[in-house]
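S.K.: Input structure: entry_18.cif, which contains mmCIF, C-alpha atoms.
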data_upload
loop_
_atom_site.label_atom_id
_atom_site.label_comp_id
_atom_site.auth_asym_id
_atom_site.auth_seq_id
_atom_site.Cartn_x
_atom_site.Cartn_y
_atom_site.Cartn_z
CA MET S 471 -16.18 -34.00 -11.63
CA ARG S 472 -14.81 -35.30 -8.33
CA LYS S 473 -11.66 -33.26 -7.86
CA PRO S 474 -11.05 -29.53 -7.79
CA ASN S 475 -8.31 -29.74 -10.43
CA ARG S 476 -10.82 -31.26 -12.82
CA PHE S 477 -13.07 -28.30 -12.14
CA LEU S 478 -10.21 -26.01 -13.06
CA ALA S 479 -9.46 -27.85 -16.31
CA ALA S 480 -13.16 -27.91 -17.08
CA ALA S 481 -13.46 -24.20 -16.36
CA VAL S 482 -10.64 -23.24 -18.71
CA LEU S 483 -12.11 -25.33 -21.53
CA LEU S 484 -15.57 -24.04 -20.76
CA ALA S 485 -14.47 -20.44 -20.83
CA ALA S 486 -12.79 -20.97 -24.18
CA ALA S 487 -15.95 -22.65 -25.34
CA MET S 488 -18.52 -20.20 -24.06
CA GLN S 489 -17.53 -17.32 -26.25
CA SER S 490 -19.66 -16.94 -29.31
CA PRO S 491 -18.09 -17.65 -32.67
CA ALA S 492 -18.05 -13.97 -33.57
CA TRP S 493 -14.64 -13.72 -35.21
CA ALA S 494 -15.76 -14.46 -38.74
CA HIS S 495 -17.39 -11.41 -40.29
CA ALA S 496 -18.20 -10.17 -43.73
CA MET S 497 -14.78 -9.01 -44.82
CA LEU S 498 -13.64 -8.17 -48.30
CA LYS S 499 -11.63 -11.17 -49.47
CA SER S 500 -10.87 -10.10 -53.01
CA ALA S 501 -12.09 -7.69 -55.67
CA SER S 502 -11.93 -7.15 -59.40
CA PRO S 503 -10.39 -4.76 -60.27
CA ALA S 504 -8.12 -5.53 -57.34
CA LYS S 505 -6.93 -3.04 -54.75
CA ASP S 506 -4.38 -0.59 -56.26
CA ALA S 507 -4.51 -2.40 -59.62
CA GLU S 508 -3.97 -0.62 -62.94
CA VAL S 509 -6.52 -1.90 -65.40
CA SER S 510 -8.24 -1.07 -68.67
CA ALA S 511 -11.76 0.29 -68.15
CA PRO S 512 -13.89 -2.42 -66.44
CA GLN S 513 -17.63 -2.86 -67.03
CA THR S 514 -18.32 -4.01 -63.52
CA VAL S 515 -16.65 -3.97 -60.15
CA THR S 516 -16.98 -7.32 -58.37
CA LEU S 517 -16.44 -7.73 -54.63
CA HIS S 518 -15.99 -11.11 -52.95
CA PHE S 519 -16.81 -11.22 -49.23
CA SER S 520 -16.02 -13.84 -46.62
CA GLU S 521 -19.68 -14.57 -45.90
CA LYS S 522 -23.21 -14.17 -47.23
CA LEU S 523 -24.57 -10.63 -47.24
CA GLU S 524 -28.00 -9.15 -46.58
CA PRO S 525 -29.18 -7.54 -49.84
CA ALA S 526 -31.44 -5.02 -48.07
CA PHE S 527 -28.57 -3.35 -46.20
CA SER S 528 -25.44 -4.04 -48.26
CA HIS S 529 -24.37 -1.65 -51.01
CA ALA S 530 -21.36 -0.29 -52.83
CA GLU S 531 -20.54 2.60 -55.10
CA VAL S 532 -17.66 3.65 -57.30
CA LEU S 533 -16.36 7.22 -56.97
CA ASP S 534 -14.05 9.19 -59.22
CA ALA S 535 -10.98 11.08 -58.04
CA ALA S 536 -13.14 14.06 -57.09
CA GLY S 537 -15.31 11.81 -54.92
CA LYS S 538 -18.28 12.00 -57.30
CA PRO S 539 -20.24 8.72 -57.74
CA VAL S 540 -19.83 7.22 -61.22
CA SER S 541 -21.85 4.07 -60.66
CA THR S 542 -25.52 4.70 -61.42
CA ASP S 543 -27.14 1.31 -60.82
CA LYS S 544 -27.45 -0.11 -57.34
CA ALA S 545 -24.97 -2.79 -56.38
CA ALA S 546 -26.46 -6.26 -56.69
CA LEU S 547 -25.72 -9.55 -54.97
CA ASP S 548 -25.05 -12.65 -57.06
CA GLN S 549 -28.20 -14.78 -57.18
CA ALA S 550 -26.31 -18.03 -56.71
CA ASP S 551 -23.71 -16.75 -54.24
CA PRO S 552 -24.86 -13.87 -52.00
CA SER S 553 -21.30 -13.33 -50.78
CA VAL S 554 -20.48 -11.74 -54.17
CA MET S 555 -21.52 -8.16 -54.92
CA THR S 556 -21.26 -6.46 -58.32
CA VAL S 557 -21.61 -2.81 -59.33
CA ALA S 558 -22.06 -1.90 -62.97
CA VAL S 559 -20.02 1.12 -64.12
CA PRO S 560 -20.21 3.19 -67.33
CA ALA S 561 -17.15 3.48 -69.59
CA LEU S 562 -14.56 4.95 -67.23
CA ALA S 563 -12.05 7.57 -68.37
CA PRO S 564 -8.44 6.99 -67.29
CA GLY S 565 -7.84 8.04 -63.72
CA ARG S 566 -8.04 6.89 -60.13
CA TYR S 567 -11.31 5.53 -58.73
CA SER S 568 -12.32 4.44 -55.29
CA VAL S 569 -14.87 1.83 -54.23
CA HIS S 570 -16.84 2.38 -51.05
CA TYR S 571 -18.76 -0.59 -49.71
CA VAL S 572 -21.06 -1.43 -46.82
CA ALA S 573 -21.29 -5.15 -46.13
CA VAL S 574 -23.93 -6.40 -43.68
CA GLY S 575 -23.42 -10.10 -43.07
CA ASP S 576 -26.36 -12.43 -42.51
CA ASP S 577 -25.37 -12.46 -38.83
CA GLY S 578 -26.38 -8.77 -38.78
CA HIS S 579 -22.87 -7.31 -38.38
CA ARG S 580 -22.03 -4.29 -40.48
CA ARG S 581 -18.65 -3.48 -41.94
CA GLN S 582 -17.64 -0.77 -44.36
CA GLY S 583 -14.50 -0.05 -46.27
CA ASP S 584 -12.82 1.65 -49.20
CA TYR S 585 -10.17 0.75 -51.71
CA ALA S 586 -8.89 2.31 -54.92
CA PHE S 587 -7.86 1.22 -58.41
CA THR S 588 -6.58 3.05 -61.50
CA VAL S 589 -7.94 2.95 -65.05
CA LYS S 590 -5.17 3.18 -67.69
CA MET V 1006 -13.96 -2.28 -29.77
CA ASP V 1007 -17.07 -1.44 -31.75
CA THR V 1008 -19.97 -2.45 -29.53
CA SER V 1009 -23.66 -1.75 -29.93
CA LEU V 1010 -24.78 -1.29 -26.32
CA PRO V 1011 -28.55 -1.59 -26.96
CA LEU V 1012 -27.83 -4.82 -28.84
CA ALA V 1013 -25.72 -6.14 -25.96
CA ALA V 1014 -28.43 -5.23 -23.43
CA ALA V 1015 -31.17 -6.88 -25.52
CA THR V 1016 -29.05 -10.01 -26.06
CA ALA V 1017 -28.39 -10.27 -22.32
CA LEU V 1018 -32.12 -9.85 -21.59
CA VAL V 1019 -33.04 -12.61 -24.07
CA ASN V 1020 -30.38 -15.02 -22.79
CA LEU V 1021 -31.10 -14.41 -19.10
CA SER V 1022 -34.86 -14.73 -19.55
CA LEU V 1023 -34.36 -17.90 -21.60
CA ALA V 1024 -32.24 -19.25 -18.74
CA TRP V 1025 -35.00 -18.48 -16.23
CA ILE V 1026 -37.63 -20.11 -18.47
CA VAL V 1027 -35.60 -23.31 -18.76
CA GLY V 1028 -34.72 -23.23 -15.03
CA LEU V 1029 -38.35 -22.69 -14.00
CA ALA V 1030 -39.60 -25.47 -16.29
CA ALA V 1031 -37.00 -27.87 -14.85
CA ALA V 1032 -37.82 -26.94 -11.24
CA ARG V 1033 -41.57 -27.38 -11.81
CA PHE V 1034 -40.97 -30.72 -13.47
CA TRP V 1035 -38.75 -32.01 -10.64
CA LEU V 1036 -41.12 -30.81 -7.91
CA ALA V 1037 -44.18 -32.18 -9.73
CA ARG V 1038 -42.65 -35.68 -9.55
CA ASP V 1039 -42.96 -35.44 -5.78
CA GLY V 1040 -46.60 -34.39 -5.85
CA MET V 1041 -45.92 -30.67 -5.60
CA ALA V 1042 -47.78 -29.85 -8.85
CA ALA V 1043 -50.55 -27.82 -7.18
CA SER V 1044 -48.56 -26.44 -4.21
CA PRO V 1045 -48.17 -22.75 -3.31
CA LEU V 1046 -44.51 -23.09 -4.34
CA ASP V 1047 -45.58 -24.32 -7.78
CA SER V 1048 -47.97 -21.42 -8.29
CA ARG V 1049 -45.15 -19.03 -7.35
CA LEU V 1050 -42.99 -20.69 -10.00
CA ALA V 1051 -45.85 -20.49 -12.53
CA ARG V 1052 -46.25 -16.75 -11.91
CA ALA V 1053 -42.51 -16.29 -12.32
CA MET V 1054 -42.74 -18.22 -15.61
CA THR V 1055 -45.32 -15.76 -16.97
CA ALA V 1056 -43.21 -12.77 -15.94
CA THR V 1057 -40.05 -14.29 -17.45
CA MET V 1058 -41.78 -15.05 -20.74
CA ALA V 1059 -42.97 -11.44 -20.92
CA ALA V 1060 -39.35 -10.34 -20.35
CA CYS V 1061 -38.21 -12.69 -23.11
CA PHE V 1062 -40.81 -11.28 -25.57
CA LEU V 1063 -39.58 -7.79 -24.75
CA GLY V 1064 -35.96 -8.93 -25.16
CA VAL V 1065 -36.57 -10.40 -28.63
CA ALA V 1066 -38.37 -7.22 -29.78
CA LEU V 1067 -35.58 -4.98 -28.44
CA PHE V 1068 -32.99 -7.28 -30.00
CA LEU V 1069 -34.57 -7.03 -33.47
CA TRP V 1070 -35.01 -3.25 -33.17
CA SER V 1071 -31.37 -2.82 -32.10
CA GLU V 1072 -30.22 -5.12 -34.92
CA ALA V 1073 -32.14 -2.91 -37.35
CA ALA V 1074 -30.41 0.22 -36.01
CA ALA V 1075 -26.99 -1.47 -36.26
CA MET V 1076 -27.54 -2.92 -39.74
CA ALA V 1077 -28.85 0.34 -41.20
CA ASP V 1078 -26.36 2.41 -39.18
CA VAL V 1079 -29.03 4.82 -37.93
CA GLU V 1080 -29.87 6.23 -34.50
CA TRP V 1081 -31.67 3.74 -32.25
CA SER V 1082 -34.78 5.95 -32.14
CA ASP V 1083 -34.88 6.21 -35.96
CA ALA V 1084 -34.76 2.48 -36.68
CA GLY V 1085 -38.49 2.12 -37.48
CA SER V 1086 -38.26 1.62 -41.23
CA ALA V 1087 -35.09 -0.48 -40.93
CA PHE V 1088 -36.98 -2.62 -38.37
CA VAL V 1089 -39.66 -3.40 -40.98
CA THR V 1090 -36.96 -4.26 -43.55
CA VAL V 1091 -35.20 -6.52 -41.06
CA LEU V 1092 -38.42 -8.42 -40.34
CA ARG V 1093 -39.32 -8.68 -44.01
CA SER V 1094 -36.13 -9.60 -45.73
CA THR V 1095 -33.23 -10.55 -43.48
CA HIS V 1096 -31.97 -13.79 -42.04
CA VAL V 1097 -31.85 -12.32 -38.53
CA GLY V 1098 -35.41 -10.99 -38.89
CA HIS V 1099 -36.84 -14.31 -40.04
CA ALA V 1100 -35.09 -16.13 -37.21
CA GLY V 1101 -36.52 -13.51 -34.83
CA ILE V 1102 -40.08 -14.06 -36.11
CA ALA V 1103 -39.64 -17.83 -35.70
CA ALA V 1104 -38.35 -17.26 -32.15
CA PHE V 1105 -41.34 -15.03 -31.39
CA ALA V 1106 -43.80 -17.66 -32.67
CA ALA V 1107 -42.13 -20.45 -30.70
CA LEU V 1108 -42.17 -18.33 -27.55
CA ALA V 1109 -45.87 -17.50 -28.02
CA ALA V 1110 -46.68 -21.20 -28.42
CA ALA V 1111 -44.62 -22.05 -25.34
CA TRP V 1112 -46.47 -19.40 -23.35
CA TYR V 1113 -49.82 -20.79 -24.52
CA ALA V 1114 -48.75 -24.35 -23.66
CA SER V 1115 -47.47 -23.32 -20.23
CA ARG V 1116 -51.00 -22.27 -19.22
CA PHE V 1117 -52.11 -25.89 -19.39
CA ASP V 1118 -49.54 -27.18 -16.91
CA GLY V 1119 -51.01 -29.73 -14.55
CA ARG V 1120 -54.40 -30.01 -16.23
CA VAL V 1121 -53.50 -31.77 -19.45
CA TRP V 1122 -50.22 -33.15 -18.20
CA PRO V 1123 -47.98 -34.05 -19.92
CA VAL V 1124 -49.13 -32.38 -23.15
CA GLY V 1125 -48.73 -28.76 -21.98
CA PRO V 1126 -45.21 -29.09 -20.58
CA ALA V 1127 -44.11 -31.25 -23.51
CA VAL V 1128 -45.37 -28.73 -26.07
CA GLY V 1129 -43.85 -25.92 -23.99
CA ALA V 1130 -40.46 -27.66 -23.87
CA ALA V 1131 -40.58 -28.35 -27.62
CA MET V 1132 -41.38 -24.71 -28.32
CA ILE V 1133 -38.57 -23.46 -26.07
CA ALA V 1134 -36.26 -25.86 -27.93
CA LEU V 1135 -37.49 -24.34 -31.23
CA PHE V 1136 -36.89 -20.87 -29.80
CA ALA V 1137 -33.28 -21.85 -29.17
CA VAL V 1138 -33.06 -23.30 -32.70
CA ALA V 1139 -34.08 -19.90 -34.06
CA ARG V 1140 -31.41 -18.23 -31.90
CA ALA V 1141 -28.74 -20.67 -33.10
CA ALA V 1142 -29.87 -20.27 -36.73
CA ALA V 1143 -29.17 -16.53 -36.54
CA SER V 1144 -25.59 -17.12 -35.39
CA HIS V 1145 -22.42 -17.82 -37.32
CA ALA V 1146 -23.01 -21.50 -36.85
CA ALA V 1147 -25.60 -21.18 -39.66
CA ASP V 1148 -22.94 -20.29 -42.23
CA ALA V 1149 -22.75 -23.96 -43.14
CA GLY V 1150 -26.55 -24.13 -43.53
CA ILE V 1151 -29.49 -24.16 -41.12
CA VAL V 1152 -29.52 -27.95 -40.95
CA SER V 1153 -25.91 -28.58 -40.04
CA VAL V 1154 -23.82 -30.08 -37.27
CA ALA V 1155 -22.64 -26.57 -36.33
CA VAL V 1156 -26.20 -25.34 -35.70
CA GLY V 1157 -26.96 -28.51 -33.73
CA VAL V 1158 -23.90 -28.01 -31.54
CA GLU V 1159 -24.63 -24.29 -31.07
CA TRP V 1160 -28.22 -25.12 -30.13
CA LEU V 1161 -27.21 -27.73 -27.56
CA HIS V 1162 -24.63 -25.30 -26.18
CA LEU V 1163 -27.24 -22.56 -25.81
CA VAL V 1164 -29.79 -24.85 -24.13
CA LEU V 1165 -27.25 -26.32 -21.70
CA ILE V 1166 -25.95 -22.90 -20.64
CA ALA V 1167 -29.52 -21.67 -20.21
CA PHE V 1168 -30.22 -24.75 -18.10
CA TRP V 1169 -27.17 -24.29 -15.88
CA VAL V 1170 -27.75 -20.57 -15.27
CA GLY V 1171 -31.52 -21.00 -14.91
CA ALA V 1172 -31.34 -23.93 -12.50
CA VAL V 1173 -28.98 -22.00 -10.21
CA CYS V 1174 -31.09 -18.80 -10.29
CA VAL V 1175 -34.41 -20.57 -9.65
CA ALA V 1176 -33.01 -22.66 -6.79
CA GLY V 1177 -31.34 -19.72 -5.08
CA TRP V 1178 -34.07 -17.11 -5.47
CA LEU V 1179 -37.36 -19.03 -5.62
CA VAL V 1180 -37.27 -22.64 -4.42
CA LEU V 1181 -34.85 -22.72 -1.47
CA PRO V 1182 -36.15 -19.57 0.27
CA ALA V 1183 -39.23 -21.75 0.90
CA TRP V 1184 -37.08 -24.15 2.96
CA HIS V 1185 -38.35 -23.00 6.34
CA GLY V 1186 -41.42 -21.04 5.25
CA GLU V 1187 -45.05 -21.73 6.13
CA ASP V 1188 -45.76 -23.79 2.99
CA ALA V 1189 -42.34 -25.42 3.02
CA PRO V 1190 -42.17 -28.61 0.97
CA PRO V 1191 -41.11 -31.72 2.92
CA ASP V 1192 -37.36 -31.98 3.54
CA ALA V 1193 -37.19 -35.20 1.52
CA THR V 1194 -38.71 -33.43 -1.49
CA LEU V 1195 -36.20 -30.60 -1.33
CA ALA V 1196 -33.32 -33.04 -0.80
CA ARG V 1197 -34.34 -34.98 -3.90
CA TYR V 1198 -34.76 -31.71 -5.83
CA LEU V 1199 -31.26 -30.57 -4.82
CA HIS V 1200 -29.60 -33.88 -5.69
CA THR V 1201 -31.30 -33.92 -9.09
CA LEU V 1202 -30.31 -30.30 -9.67
CA SER V 1203 -26.70 -30.94 -8.72
CA ASP V 1204 -26.44 -34.07 -10.90
CA TRP V 1205 -27.98 -32.44 -13.97
CA ALA V 1206 -25.87 -29.31 -13.52
CA ALA V 1207 -22.77 -31.54 -13.63
CA VAL V 1208 -24.11 -33.29 -16.76
CA ALA V 1209 -24.84 -29.90 -18.36
CA LEU V 1210 -21.32 -28.70 -17.53
CA ILE V 1211 -19.83 -31.75 -19.29
CA GLY V 1212 -22.15 -31.19 -22.26
CA ILE V 1213 -21.13 -27.52 -22.42
CA LEU V 1214 -17.48 -28.60 -22.49
CA VAL V 1215 -18.05 -31.10 -25.28
CA THR V 1216 -20.16 -28.78 -27.45
CA GLY V 1217 -17.96 -25.80 -26.70
CA THR V 1218 -14.49 -27.27 -27.23
CA GLY V 1219 -15.02 -27.24 -30.98
CA ASN V 1220 -16.10 -23.59 -30.89
CA GLY V 1221 -13.14 -22.71 -28.69
CA LEU V 1222 -10.62 -24.32 -31.00
CA ARG V 1223 -12.15 -22.63 -34.02
CA VAL V 1224 -12.32 -19.19 -32.42
CA LEU V 1225 -9.05 -18.75 -30.53
CA SER V 1226 -6.28 -17.82 -32.93
CA SER V 1227 -3.75 -16.58 -30.37
CA PRO V 1228 -3.88 -16.41 -26.57
CA TYR V 1229 -2.23 -12.98 -26.75
CA GLU V 1230 -5.49 -11.56 -28.06
CA LEU V 1231 -6.91 -12.19 -24.59
CA VAL V 1232 -4.93 -9.25 -23.19
CA THR V 1233 -4.09 -7.12 -26.21
CA THR V 1234 -7.59 -6.39 -27.55
CA GLY V 1235 -10.71 -4.96 -25.97
CA TYR V 1236 -12.59 -7.99 -27.19
CA GLY V 1237 -10.01 -10.26 -25.56
CA ARG V 1238 -10.15 -8.42 -22.25
CA VAL V 1239 -13.95 -8.78 -22.05
CA LEU V 1240 -13.44 -12.45 -22.83
CA SER V 1241 -10.82 -12.74 -20.06
CA ALA V 1242 -13.24 -11.15 -17.62
CA LYS V 1243 -15.85 -13.70 -18.64
CA ILE V 1244 -13.41 -16.57 -18.16
CA ALA V 1245 -12.68 -15.31 -14.64
CA LEU V 1246 -16.42 -15.07 -13.85
CA VAL V 1247 -17.09 -18.58 -15.11
CA LEU V 1248 -14.18 -19.91 -13.01
CA VAL V 1249 -15.66 -18.29 -9.90
CA ALA V 1250 -19.13 -19.69 -10.70
CA ILE V 1251 -17.77 -23.22 -11.15
CA ALA V 1252 -15.82 -22.95 -7.89
CA LEU V 1253 -18.98 -21.82 -6.05
CA GLY V 1254 -21.01 -24.64 -7.64
CA GLY V 1255 -18.33 -27.14 -6.68
CA TRP V 1256 -18.28 -25.87 -3.10
CA ASN V 1257 -22.04 -26.29 -2.81
CA ARG V 1258 -21.96 -29.76 -4.33
CA PHE V 1259 -19.18 -31.16 -2.16
CA ARG V 1260 -19.41 -29.08 1.03
CA GLY V 1261 -22.60 -27.04 1.25
CA LEU V 1262 -25.24 -29.59 0.31
CA PRO V 1263 -23.92 -32.50 2.41
CA ALA V 1264 -23.94 -30.24 5.49
CA ALA V 1265 -27.39 -28.81 4.69
CA LEU V 1266 -28.91 -32.27 4.23
CA ALA V 1267 -27.00 -34.08 7.00
CA SER V 1268 -29.18 -36.44 8.99
CA GLY V 1269 -28.66 -36.18 12.72
CA ALA V 1270 -27.41 -32.60 12.71
CA SER V 1271 -29.00 -30.18 15.16
CA LEU V 1272 -31.61 -27.79 13.80
CA PRO V 1273 -29.51 -24.63 14.33
CA ASP V 1274 -26.60 -26.27 12.49
CA LEU V 1275 -28.90 -27.30 9.64
CA MET V 1276 -30.39 -23.81 9.43
CA ARG V 1277 -26.96 -22.25 9.27
CA ALA V 1278 -25.76 -24.72 6.60
CA ARG V 1279 -28.89 -24.14 4.54
CA ARG V 1280 -28.61 -20.37 4.71
CA ARG V 1281 -25.04 -20.76 3.50
CA VAL V 1282 -26.14 -22.92 0.55
CA VAL V 1283 -28.72 -20.31 -0.46
CA ALA V 1284 -26.19 -17.47 -0.12
CA VAL V 1285 -23.64 -19.33 -2.26
CA LEU V 1286 -26.30 -20.08 -4.91
CA ARG V 1287 -27.25 -16.39 -5.01
CA ILE V 1288 -23.65 -15.26 -5.39
CA GLU V 1289 -23.19 -17.89 -8.11
CA SER V 1290 -26.31 -16.62 -9.92
CA ALA V 1291 -25.04 -13.03 -9.79
CA VAL V 1292 -21.63 -14.10 -11.11
CA LEU V 1293 -23.27 -16.07 -13.92
CA ALA V 1294 -25.49 -13.11 -14.80
CA LEU V 1295 -22.35 -11.00 -15.20
CA ALA V 1296 -20.83 -13.72 -17.40
CA VAL V 1297 -23.97 -13.72 -19.57
CA LEU V 1298 -23.67 -9.93 -19.82
CA ALA V 1299 -20.02 -10.23 -20.90
CA ALA V 1300 -21.01 -12.87 -23.47
CA ALA V 1301 -23.68 -10.50 -24.82
CA VAL V 1302 -21.12 -7.71 -25.18
CA LEU V 1303 -18.94 -10.11 -27.16
CA THR V 1304 -21.70 -11.26 -29.53
CA SER V 1305 -22.71 -7.67 -30.27
CA SER V 1306 -19.16 -6.44 -30.86
CA ALA V 1307 -17.19 -6.35 -34.03
CA PRO V 1308 -14.13 -8.55 -33.53
CA PRO V 1309 -10.59 -7.18 -33.70
CA GLY V 1310 -9.12 -6.63 -37.15
#
Please express the file's structure as structure tokens.

M.R.:
Amino acid sequence: MRKPNRFLAAAVLLAAAMQSPAWAHAMLKSASPAKDAEVSAPQTVTLHFSEKLEPAFSHAEVLDAAGKPVSTDKAALDQADPSVMTVAVPALAPGRYSVHYVAVGDDGHRRQGDYAFTVK
Amino acid sequence: MDTSLPLAAATALVNLSLAWIVGLAAARFWLARDGMAASPLDSRLARAMTATMAACFLGVALFLWSEAAAMADVEWSDAGSAFVTVLRSTHVGHAGIAAFAALAAAWYASRFDGRVWPVGPAVGAAMIALFAVARAAASHAADAGIVSVAVGVEWLHLVLIAFWVGAVCVAGWLVLPAWHGEDAPPDATLARYLHTLSDWAAVALIGILVTGTGNGLRVLSSPYELVTTGYGRVLSAKIALVLVAIALGGWNRFRGLPAALASGASLPDLMRARRRVVAVLRIESAVLALAVLAAAVLTSSAPPG
């Protein structure tokens, strides 16, 4: 710390360092049925997120083509892995369904999203 | 950029008040070594400590309330029931309660300064350290587990930044204005205080670099994001502010302080040099406060993508 150019180098590194690690958030990594998949009627919809979720604020529901909810039970987080959320669904008639989810990560950040799949 | 402004304001309040708490504790410790423990300056610092702790309590409460509003996606004024849920069942809420408890214990311990030395300050310092642990545990660093290298690094990072910002603020606004006042501490005491401050600030800066380089490498995916996203532009602004603060700190260390402490200089010259040191410290503290504000906007924003 004796020369100005060291201050400059230090400052650049410091600035890169001082930002909080906020880039990783609870994002949907994968789902079953997958996005835009054509499947035979599933019993559950399973969502895998990129980080652990808060059960009190995270939820998901499955809607039919008319936008009417078909899932009756609340979405639940996996006991062993709270980054996995499952929604039980009744026997689904053929057609297009959408999944709407709200994922609140354990860092408190909230994300929501939708995707659709088709039952043959 | 999706930013919760109440959350950003509360985060900035917590981080700035934490910085003042650490800065005040360090200043009182350094001055107490030179027999200033019961001086008028020390009681001014003690009163400031009480006020800053109150601000920090308020900041933590506002932070948790704003988190509740953001997590439940409700209006800020309607977050009452979500607030209870956050405290009861979420990671952030539990970390917040731990932070609150540590802060309360630190406040209690700080009342014993001087009388049961060194127990009060030691307990206070430990509790402030715990407070920072709770803050780090609520961050992304905790993804790998509460007891992990990442949390340790994040904690050290937080404490060192608080120390740097706090030391600058306390020197510029509370200690050095006493330089020529009625109850001015002896010149030798202030000279020793300033040298210690300058040395530890340099050590903290190196520590911030070491702890932060890992974060920086993990977080930056492309330098283009610095100009193409709202998040990146706030980050760029913060980088500029930190550069200015380091330049000001460097000027004081290598130019300002030697002139202000020169032996054999005439009194008017000394006065002028000292006023300049104080002015530079105050500008540096304002710049750092803006950087803390920018950092708070970043932590309470959803990232791009």

S.K.: With only C-alpha atoms as the atoms that count, which of V:Val1215, V:Ala1017, V:Ala1104, V:Val1128 lies nearest to chain S?

M.R.: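 Smallest separation from chain S among the options: V:Val1215.
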
S.K.: Run through the PyMOL selection byres ((chain V and resi 1019-1031) around 8) on the given coordinates and return the selected residues as a PyMOL selection string.

M.R.: chain V and resi 1015-1018+1032-1035+1050-1051+1053-1054+1057-1058+1060-1061+1064-1065+1068+1126+1130+1133+1166-1175+1294+1297

S.K.: Exactly which residues make up the result of the PyMOL selection byres ((chain S and resi 546-556) around 9) on this file, given as a list in words?

M.R.: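 Given this file, the PyMOL selection byres ((chain S and resi 546-556) around 9) evaluates to Ala496, Thr514, Val515, Thr516, Leu517, His518, Phe519, Ser520, Glu521, Lys522, Leu523, Glu524, Pro525, Ser528, His529, Ala530, Asp543, Lys544, Ala545, Val557, Ala558 and Gly575 of chain S.
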
S.K.: Where does the PyMOL selection byres ((chain V and resi 1291) around 12) land in this file, that is, which residues does it pick, as a list in words?

M.R.: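 Selection result, ordered by chain and number: Leu1021, Val1170, Gly1171, Val1173, Cys1174, Gly1177, Trp1178, Leu1246, Val1247, Val1249, Ala1250, Leu1253, Ala1284, Val1285, Leu1286, Arg1287, Ile1288, Glu1289, Ser1290, Val1292, Leu1293, Ala1294, Leu1295, Ala1296, Val1297 and Leu1298 of chain V.
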
S.K.: Ranking V:Met1276, V:Leu1067, V:Ala1265, V:Ala1087 by minimum distance to chain S and counting all atoms listed in the file, which one comes first?

M.R.: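 Comparing V:Met1276, V:Leu1067, V:Ala1265, V:Ala1087 against chain S, the winner is V:Ala1087.
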
S.K.: Neighbouring residues of V:His1185 were defined as those with any atom within 12 Å, considering only C-alpha atoms; residues of the same chain fewer than 4 positions away were excluded. Please report them as a list of chain:residue names.

M.R.: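 Counting only C-alpha atoms, the residues come to V:Val1180, V:Leu1181, V:Ala1189, V:Pro1190, V:Pro1191, V:Asp1192, V:Leu1195, V:Leu1272, V:Leu1275, V:Met1276, V:Arg1277, V:Arg1279, V:Arg1280.
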
S.K.: Create the file for the chosen residues now, containing C-alpha atoms and written as a PDB file, in the coordinates of the input.

M.R.:
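Full text of part-v5.pdb as output:
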ATOM      1  CA  VAL V1180     -37.270 -22.640  -4.420  1.00  0.00           C
ATOM      2  CA  LEU V1181     -34.850 -22.720  -1.470  1.00  0.00           C
ATOM      3  CA  ALA V1189     -42.340 -25.420   3.020  1.00  0.00           C
ATOM      4  CA  PRO V1190     -42.170 -28.610   0.970  1.00  0.00           C
ATOM      5  CA  PRO V1191     -41.110 -31.720   2.920  1.00  0.00           C
ATOM      6  CA  ASP V1192     -37.360 -31.980   3.540  1.00  0.00           C
ATOM      7  CA  LEU V1195     -36.200 -30.600  -1.330  1.00  0.00           C
ATOM      8  CA  LEU V1272     -31.610 -27.790  13.800  1.00  0.00           C
ATOM      9  CA  LEU V1275     -28.900 -27.300   9.640  1.00  0.00           C
ATOM     10  CA  MET V1276     -30.390 -23.810   9.430  1.00  0.00           C
ATOM     11  CA  ARG V1277     -26.960 -22.250   9.270  1.00  0.00           C
ATOM     12  CA  ARG V1279     -28.890 -24.140   4.540  1.00  0.00           C
ATOM     13  CA  ARG V1280     -28.610 -20.370   4.710  1.00  0.00           C
TER      14      ARG V1280
END

S.K.: Enumerate, as a ChimeraX atom specification, the protein, DNA and RNA residues whose atoms approach (-36.0, -17.4, -36.4) to within 9 Å, taking into account only C-alpha atoms and the coordinate frame of the file.

M.R.: /V:1096-1107,1135-1143

S.K.: Which is closer to chain V than all the others in S:Phe527, S:Pro564, S:Ser510, S:Val540, using all atoms listed in the file?

M.R.: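 Closest to chain V, using all atoms listed in the file: S:Phe527.
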
S.K.: How far is it from atom CA of V:Thr1234 to atom CA of V:Leu1248, in Å with one decimal?

M.R.: 20.9 Å

S.K.: Could you check the closest approach to chain S for each of V:Met1076, V:Val1283, V:Ala1042, V:Val1164 and tell me which residue wins, using all atoms listed in the file?

M.R.: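 Among the listed residues, V:Met1076 lies closest to chain S.
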
S.K.: Determine, counting all atoms listed in the file, which protein, DNA and RNA residues have an atom within 8 Å of an atom of S:Leu533; residues of the same chain fewer than 2 positions away are not included. Present the result as a PyMOL selection string.

M.R.: chain S and resi 531+535-541+567-570
